[in-house]
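For reference, input-v6.tsv (TSV, C-alpha atoms):
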chain	number	residue	atom	x	y	z
G	1	MET	CA	0.00	0.00	0.00
G	2	HIS	CA	2.80	2.45	0.87
G	3	GLU	CA	5.47	1.09	-1.47
G	4	LYS	CA	6.18	4.49	-3.02
G	5	SER	CA	6.61	6.14	0.38
G	6	ILE	CA	8.94	3.34	1.53
G	7	GLU	CA	10.99	3.76	-1.66
G	8	LEU	CA	11.30	7.53	-1.11
G	9	LEU	CA	12.08	7.16	2.58
G	10	ASN	CA	14.88	4.71	1.72
G	11	LYS	CA	16.24	7.12	-0.91
G	12	ALA	CA	16.33	9.75	1.81
G	13	ILE	CA	18.21	7.37	4.12
G	14	THR	CA	20.84	6.89	1.40
G	15	ASP	CA	21.08	10.67	1.01
G	16	GLU	CA	21.40	11.23	4.76
G	17	LEU	CA	23.99	8.48	5.28
G	18	SER	CA	26.10	9.86	2.43
G	19	ALA	CA	25.92	13.28	4.10
G	20	VAL	CA	26.99	11.81	7.46
G	21	HIS	CA	30.08	10.27	5.88
G	22	GLN	CA	30.98	13.44	3.97
G	23	TYR	CA	30.46	15.76	6.94
G	24	MET	CA	32.44	13.56	9.31
G	25	TYR	CA	35.29	13.55	6.78
G	26	PHE	CA	35.12	17.36	6.70
G	27	HIS	CA	34.95	17.43	10.51
G	28	PHE	CA	38.14	15.37	10.79
G	29	HIS	CA	40.03	17.58	8.36
G	30	CYS	CA	38.82	20.89	9.82
G	31	ASP	CA	39.74	19.62	13.28
G	32	ASP	CA	43.17	18.58	12.02
G	33	GLN	CA	43.70	22.05	10.52
G	34	GLY	CA	42.71	23.76	13.77
G	35	TYR	CA	39.38	25.14	12.56
G	36	ASP	CA	37.39	24.28	15.65
G	37	LEU	CA	34.23	26.25	14.78
G	38	LEU	CA	33.90	24.67	11.36
G	39	ALA	CA	34.87	21.23	12.67
G	40	GLY	CA	32.09	21.55	15.24
G	41	LEU	CA	29.59	22.69	12.63
G	42	PHE	CA	30.31	19.70	10.40
G	43	LYS	CA	30.13	17.31	13.37
G	44	ARG	CA	26.82	18.73	14.63
G	45	THR	CA	25.34	18.54	11.15
G	46	ALA	CA	26.47	14.92	10.77
G	47	ILE	CA	24.78	14.07	14.07
G	48	GLU	CA	21.57	15.78	12.94
G	49	GLU	CA	21.70	13.80	9.70
G	50	MET	CA	22.04	10.59	11.76
G	51	LEU	CA	18.91	11.57	13.66
G	52	HIS	CA	17.17	12.04	10.30
G	53	VAL	CA	18.14	8.48	9.37
G	54	GLU	CA	16.59	7.27	12.61
G	55	ARG	CA	13.31	9.10	11.96
G	56	LEU	CA	13.17	7.85	8.38
G	57	ALA	CA	13.89	4.27	9.47
G	58	GLU	CA	11.19	4.40	12.16
G	59	ARG	CA	8.66	5.49	9.54
G	60	ILE	CA	9.72	2.74	7.13
G	61	LEU	CA	9.34	0.13	9.86
G	62	PHE	CA	5.92	1.50	10.79
G	63	LEU	CA	4.91	1.09	7.14
G	64	LYS	CA	6.19	-2.54	7.35
G	65	GLY	CA	9.00	-1.84	4.91
G	66	GLU	CA	12.64	-2.88	4.89
G	67	VAL	CA	15.20	-0.26	5.89
G	68	GLU	CA	17.95	-0.05	3.29
G	69	MET	CA	21.23	1.27	4.70
G	70	ALA	CA	22.88	1.96	1.35
G	71	VAL	CA	25.42	4.70	0.73
G	72	THR	CA	25.92	5.42	-2.94
G	73	ASP	CA	28.25	8.38	-2.97
G	74	ASP	CA	31.92	8.04	-2.18
G	75	VAL	CA	33.30	10.64	0.19
G	76	GLN	CA	34.87	13.46	-1.75
G	77	LYS	CA	38.41	14.02	-0.51
G	78	ILE	CA	38.33	17.80	-0.18
G	79	HIS	CA	40.75	19.61	2.15
G	80	ASP	CA	40.13	23.24	1.18
G	81	VAL	CA	37.59	24.77	3.56
G	82	SER	CA	35.90	26.94	0.93
G	83	ASP	CA	35.41	23.89	-1.28
G	84	MET	CA	34.07	21.90	1.70
G	85	LEU	CA	31.52	24.58	2.43
G	86	ALA	CA	30.51	24.89	-1.23
G	87	LEU	CA	29.88	21.14	-1.45
G	88	ALA	CA	28.00	21.06	1.86
G	89	ARG	CA	25.81	23.96	0.77
G	90	LYS	CA	25.08	22.22	-2.55
G	91	MET	CA	24.26	18.93	-0.80
G	92	GLU	CA	21.81	20.64	1.56
G	93	GLU	CA	20.16	22.58	-1.26
G	94	GLU	CA	19.70	19.41	-3.33
G	95	SER	CA	18.28	17.51	-0.35
G	96	ALA	CA	15.77	20.26	0.39
G	97	LYS	CA	14.59	20.24	-3.23
G	98	LYS	CA	14.23	16.45	-3.32
G	99	TYR	CA	12.45	16.30	0.03
G	100	ASN	CA	9.97	18.97	-1.11
G	101	LEU	CA	9.15	16.89	-4.18
G	102	TRP	CA	8.96	13.68	-2.17
G	103	ALA	CA	6.62	15.31	0.37
G	104	ASN	CA	4.27	16.07	-2.51
G	105	GLU	CA	4.53	12.51	-3.82
G	106	CYS	CA	3.68	11.10	-0.40
G	107	SER	CA	0.72	13.44	-0.22
G	108	ALA	CA	-0.47	12.29	-3.65
G	109	ASN	CA	-0.29	8.71	-2.31
G	110	ALA	CA	-2.39	9.52	0.78
G	111	ASP	CA	0.55	9.31	3.21
G	112	SER	CA	0.35	12.54	5.18
G	113	VAL	CA	2.71	11.37	7.94
G	114	SER	CA	5.58	10.70	5.52
G	115	LYS	CA	4.71	14.00	3.82
G	116	LYS	CA	5.11	15.83	7.13
G	117	LEU	CA	8.37	14.00	7.86
G	118	PHE	CA	9.80	15.18	4.54
G	119	GLU	CA	8.56	18.72	5.21
G	120	ASP	CA	10.25	18.68	8.61
G	121	LEU	CA	13.48	17.50	6.98
G	122	VAL	CA	13.28	20.38	4.50
G	123	VAL	CA	13.30	22.81	7.43
G	124	ASP	CA	16.49	21.23	8.79
G	125	GLU	CA	18.20	21.04	5.39
G	126	GLU	CA	17.43	24.70	4.69
G	127	ARG	CA	18.86	25.64	8.09
G	128	HIS	CA	22.02	23.65	7.31
G	129	PHE	CA	22.23	25.35	3.92
G	130	ASP	CA	21.99	28.74	5.63
G	131	GLN	CA	24.74	27.84	8.12
G	132	TYR	CA	27.13	26.77	5.35
G	133	ASP	CA	26.18	29.79	3.25
G	134	THR	CA	26.96	32.10	6.19
G	135	GLU	CA	30.36	30.46	6.70
G	136	MET	CA	31.14	30.89	2.99
G	137	GLU	CA	30.18	34.56	3.25
G	138	ASN	CA	32.46	34.95	6.28
G	139	ILE	CA	35.41	33.53	4.36
G	140	VAL	CA	34.69	35.85	1.43
G	141	LYS	CA	34.24	38.83	3.75
G	142	PHE	CA	37.17	38.20	6.07
G	143	GLY	CA	39.40	36.03	3.88
G	144	GLU	CA	42.06	33.82	5.38
G	145	ARG	CA	41.92	35.93	8.57
G	146	TYR	CA	38.63	34.21	9.40
G	147	LEU	CA	40.29	30.80	9.37
G	148	ALA	CA	43.44	32.09	11.07
G	149	LEU	CA	41.36	33.38	13.97
G	150	GLN	CA	39.95	29.89	14.52
G	151	SER	CA	43.45	28.40	14.64
G	152	ILE	CA	44.67	31.14	16.99
G	153	GLU	CA	41.70	30.54	19.29
G	154	ARG	CA	42.58	26.83	19.47
G	155	SER	CA	46.21	27.66	20.28
G	156	LYS	CA	45.10	30.00	23.06
G	157	ASN	CA	42.84	27.32	24.51
G	158	LEU	CA	45.57	24.69	24.31
G	159	SER	CA	48.01	27.00	26.08
G	160	ALA	CA	45.47	27.74	28.78
G	161	GLY	CA	44.55	24.06	29.10
G	162	THR	CA	40.87	24.77	28.40
G	163	THR	CA	40.24	22.42	25.48
G	164	GLU	CA	38.01	19.39	25.72

Go ahead and express the file in the form of structure tokens.
Amino acid sequence: MHEKSIELLNKAITDELSAVHQYMYFHFHCDDQGYDLLAGLFKRTAIEEMLHVERLAERILFLKGEVEMAVTDDVQKIHDVSDMLALARKMEEESAKKYNLWANECSANADSVSKKLFEDLVVDEERHFDQYDTEMENIVKFGERYLALQSIERSKNLSAGTTE
């Protein structure tokens, strides 16, 4: 009865799992480069994407479907922060567009709960997009100084012994 919804929910799981892998990769590299604020942003977003997977999986199971834990995209090995942010922004924008369309498809198939789930995900994806867009604007506005300040802040915290 809800085959189409289950298919779309599983596509979203693939999308979200791919994002988790990409964002954790970015988190590791930003952390390694001393960019604590950006490392934290990527880590928090990855965790939110994991929570999306959980919500999607719960809905699939409620619909008596099989949860597919596929990841189709390989992690892109990007080390430049501006390029990381550009990719993250693009990923979030694409997810929001897909989820809007999929919400409408679920609605057309008389599945208002899955529709609402996709609409809720759009809100989160648009917020993530805005966060990455703001960081890109900061780099454009402040240049390398913006990144240098993050590294300096880490050094100060390490010297003071106040890091986690």

Nearest-residue call for Asp80 in chain G, choices G:Phe142, G:Phe129, G:Tyr35, G:Trp102, using all atoms listed in the file
G:Tyr35

Can you pull out the residues contacting Ala88 in chain G? Cut-off 9 Å, using all atoms listed in the file, and skip same-chain residues under 3 positions away; I want them as a ChimeraX atom specification.
/G:19,22-23,42,83-85,91-93,128-129,132

Which residues are near Met24 in chain G? Cut-off 10 Å, only C-alpha atoms, ignore same chain within fewer than 5 positions. Put them as a ChimeraX atom specification.
/G:19,29-30,39-40,42-47,75

I want to know what sits within 8 Å of Val71 in chain G, based on all atoms listed in the file, with residues of the same chain fewer than 5 positions away left out; could you give that as a PyMOL selection string?
chain G and resi 14-15+17-18

With all atoms listed in the file as the atoms that count, which of G:Val122, G:Leu149, G:Leu117, G:Val20 lies nearest to Arg59 in chain G?
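Closest to Arg59 in chain G of all the choices is G:Leu117.
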
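Relative to CA of Lys4 in chain G, CA of Asp120 in chain G is found at 18.8 Å.
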
Interatomic distance (Å, one decimal) between CA of Glu68 in chain G and CA of Ala86 in chain G:
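We find that CA of Glu68 in chain G and CA of Ala86 in chain G lie 28.3 Å from each other.
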
Shell around Glu105 in chain G at 12 Å using all atoms listed in the file, local window under 6 positions removed, as a PyMOL selection string
chain G and resi 2-9+98-99+111-116+118-119

Which protein, DNA or RNA residues have an atom at most 10 Å from (30.0, 30.8, 5.9), counting all atoms listed in the file? List them as a ChimeraX atom specification.
/G:38,81-82,85-86,89,129-141,146

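In this comparison, which uses all atoms listed in the file, the residue of G:Phe26, G:Leu37, G:Asn104, G:Leu56 approaching Gln76 in chain G most closely is G:Phe26.
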
Measure the distance from CA of Glu125 in chain G to CA of Ala96 in chain G in Å and round it to one decimal.
5.6 Å

Output range 130-143 of chain G with N, CA and C atoms present, as a compact mmCIF listing (two decimals), in the coordinates of the input.
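After the write, selection.txt holds the following:
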# COMPACT_ATOMS: atom_id res chain seq x y z
N ASP G 130 21.75 27.37 5.17
CA ASP G 130 21.99 28.74 5.63
C ASP G 130 23.27 28.83 6.46
N GLN G 131 23.53 27.83 7.31
CA GLN G 131 24.74 27.84 8.12
C GLN G 131 25.98 27.78 7.23
N TYR G 132 25.97 26.89 6.25
CA TYR G 132 27.13 26.77 5.35
C TYR G 132 27.27 28.01 4.48
N ASP G 133 26.15 28.57 4.06
CA ASP G 133 26.18 29.79 3.25
C ASP G 133 26.79 30.94 4.06
N THR G 134 26.41 31.05 5.31
CA THR G 134 26.96 32.10 6.19
C THR G 134 28.46 31.93 6.36
N GLU G 135 28.91 30.70 6.55
CA GLU G 135 30.36 30.46 6.70
C GLU G 135 31.10 30.82 5.42
N MET G 136 30.51 30.50 4.26
CA MET G 136 31.14 30.89 2.99
C MET G 136 31.23 32.40 2.88
N GLU G 137 30.17 33.09 3.28
CA GLU G 137 30.18 34.56 3.25
C GLU G 137 31.25 35.11 4.18
N ASN G 138 31.42 34.50 5.34
CA ASN G 138 32.46 34.95 6.28
C ASN G 138 33.85 34.81 5.67
N ILE G 139 34.09 33.72 4.98
CA ILE G 139 35.41 33.53 4.36
C ILE G 139 35.62 34.56 3.26
N VAL G 140 34.58 34.83 2.48
CA VAL G 140 34.69 35.85 1.43
C VAL G 140 34.93 37.23 2.07
N LYS G 141 34.17 37.52 3.10
CA LYS G 141 34.24 38.83 3.75
C LYS G 141 35.56 39.05 4.48
N PHE G 142 36.00 38.04 5.22
CA PHE G 142 37.17 38.20 6.07
C PHE G 142 38.42 37.52 5.53
N GLY G 143 38.26 36.71 4.49
CA GLY G 143 39.40 36.03 3.88
C GLY G 143 40.04 35.02 4.82
